[in-house]
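What follows is a short report on a single structure.
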Amino acid sequence: MPYFDSHCHFDPAAPASAEPLLAAAAEAGVTRLAAIGGDPAMNGCVLDLARKHPERVVCALGFDRDQAELADGKLDFGRLREQAEDPACRALGEIGLDYHYAPETAHRQRALFEKMLALALDLRRPVVVHSREADADTLLLLLDFVTAWRRDLILSARPPAVLHCYTGGPAFADALLELGLVISFSGILTFRNAAPLRELAARLPLDRLLIETDSPYLAPIPYRGTPNQPAYVVRVAETLADLRPEPLPAIADATFANAAAFFAPSR
Ligand SMILES: [Zn+2]
C-alpha cells in the first residue's frame, strides 16, 4: 500500500542525510514525497534531491515568511524563477503568513506572499501555503490568486493550493474548501490535545485531503521527542483511518492520488 508524504524538509547543510530517510520511507511504503523549500539553501537542496530521484521525489520552491525579514534586494527572485522553471519543481512553497512567531513583520510577509502568488500564476504552479494566526489575511490573498487561477481553462481543473499542516478551525477549513483548496494533515492529528482537529479531519471530504509529516518537525505519537521522518506519514494515515469510515487502504489510496494530482507536472 503506497503512501505519499506531501510535505517534508531536508537538511541543506547535510544533503546526504536525505538518502537513508528516503530508504526508510520506501521500506515503510512511502514511495513518493514532496520535498519543500522556503529559503535559498533549502530550495537548492530539495531541487537537487528531486532531480536525483525523479520517480520518487518532487519539490516545491519559494521564499517563506521568515525571508520577509531580509532587507529589500537581499532576495534573488530571478534565481528562484530560474529554479522553479525546472520540471522537478511542481509547486511554489512553502509560502504564506505567520503572525504567531513574527507579528512585527506582518506587512512585509503579506507583500512577499503576494509576490510569490504572482510568480506561481506566471509559472502555472499551485502553491503550498503556511498560515498561522493569519486566517483572514491568508483567505483574502488566496481569493485573488484563486480567481486568477480559475480564469485559465487548463489550470482551473486543478486545485490552486494546499493549506499544509492544518491546525485551524472548522470555519477556515470550510472557506478553503469553498475556494477549491486541498487541506493537508500532519502528525499533530495524533497529539493528545488535538481533539477538535480530529473531529474536523473526520468529516472533511476525502478527495480534498493530503497527508504529510512536515519532518523533521512534529513527530507523531509514538515517535514524539525524536526527529520526524517521511516514513512516519503512515501514522497520519492510520490516525485518519481510526477517525473516518474508510479503511486504511482507502485512505492511503485517496491521499496518494490527491497528492499525485496536486504535484502533477504543469502544462
Ligand atoms: Zn513545512
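By order of appearance in the C-alpha cells: chains A, B, ..., then residues from 1 within every chain, and ligands from 1 in the order shown.
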Exercise for the section: Considering only C-alpha atoms, return as a list in words whatever protein or nucleic-acid residues lie within 7 Å of A:Thr255, sequence-local ones (same chain, fewer than 2 positions apart) excluded. Expected result: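 Within the cut-off, the hits are Leu209, Leu210, Ile211, Ile251, Ala252, Asp253, Ala257, Asn258 and Ala259 of chain A.
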Exercise for the section: Produce as a count of residues only the set of residues near ligand 1, where near means within 10 Å with only C-alpha atoms and all ligand atoms considered. Expected result: 23
Problem - Distance criterion (only C-alpha atoms): nearest to A:Ala91 out of A:Asp122, A:Asp135, A:Glu199, A:Asp242 - result: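 Among A:Asp122, A:Asp135, A:Glu199, A:Asp242, it is A:Asp122 that comes nearest to A:Ala91.
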Practice task
Determine, counting only C-alpha atoms, which protein, DNA and RNA residues have an atom within 12 Å of an atom of A:Pro126; residues of the same chain fewer than 3 positions away are not included. Present the result as a PyMOL selection string.
Solution key: chain A and resi 59-62+84+89-95+116-123+129+142+145-146+148-150+155-163+180-182+259+261-267
Exercise for the section: Within 12 Å of A:Leu189, counting only C-alpha atoms, which residues show up once you throw out same-chain ones fewer than 2 positions away? Write them as a count of residues only, please. Expected result: 37
Problem - Polymer residues at most 10 Å from A:Ala134, only C-alpha atoms, same-chain spacing of 6 or more positions, as a PyMOL selection string - result: chain A and resi 96-100+103+106+168
Please produce a file of the residues just selected, as a PDB file, in the first residue's frame, where the atoms kept are C-alpha atoms.
```pdb
ATOM      1  CA  GLY A  96       2.415  32.297   3.479  1.00  0.00           C
ATOM      2  CA  LEU A  97       1.901  34.118   6.730  1.00  0.00           C
ATOM      3  CA  ASP A  98       2.845  33.500  10.354  1.00  0.00           C
ATOM      4  CA  TYR A  99       1.650  36.155  12.790  1.00  0.00           C
ATOM      5  CA  HIS A 100       2.436  33.922  15.771  1.00  0.00           C
ATOM      6  CA  PRO A 103       3.756  39.605  14.006  1.00  0.00           C
ATOM      7  CA  ALA A 106       3.150  41.126   9.030  1.00  0.00           C
ATOM      8  CA  GLY A 168      -7.150  25.942  12.035  1.00  0.00           C
TER       9      GLY A 168
END
```
Problem - Those in stretch 99-166 of chain A with strand (DSSP E or B) from DSSP, as a PyMOL selection string - result: chain A and resi 127-132+161-163
Mind writing the picked residues with C-alpha atoms as a PDB file, in the first residue's frame?
```pdb
ATOM      1  CA  VAL A 127       1.138  26.832  -4.055  1.00  0.00           C
ATOM      2  CA  VAL A 128       1.923  25.194  -0.700  1.00  0.00           C
ATOM      3  CA  VAL A 129       0.641  27.576   1.946  1.00  0.00           C
ATOM      4  CA  HIS A 130       1.524  28.039   5.614  1.00  0.00           C
ATOM      5  CA  SER A 131      -0.893  30.044   7.763  1.00  0.00           C
ATOM      6  CA  ARG A 132      -0.645  30.589  11.491  1.00  0.00           C
ATOM      7  CA  ALA A 161      -3.276  25.499  -3.362  1.00  0.00           C
ATOM      8  CA  VAL A 162      -2.834  23.257  -0.367  1.00  0.00           C
ATOM      9  CA  LEU A 163      -3.068  24.589   3.192  1.00  0.00           C
TER      10      LEU A 163
END
```
Practice task
List the neighbours of A:Ala175 out to 8 Å using only C-alpha atoms; skip same-chain residues closer than 4 positions along the sequence, and give me the result as number ranges by chain.
Solution key: A: 139, 171, 179
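For the pair atom CA of A:Gly169 and atom CA of A:Phe4, the separation is 24.7 Å.
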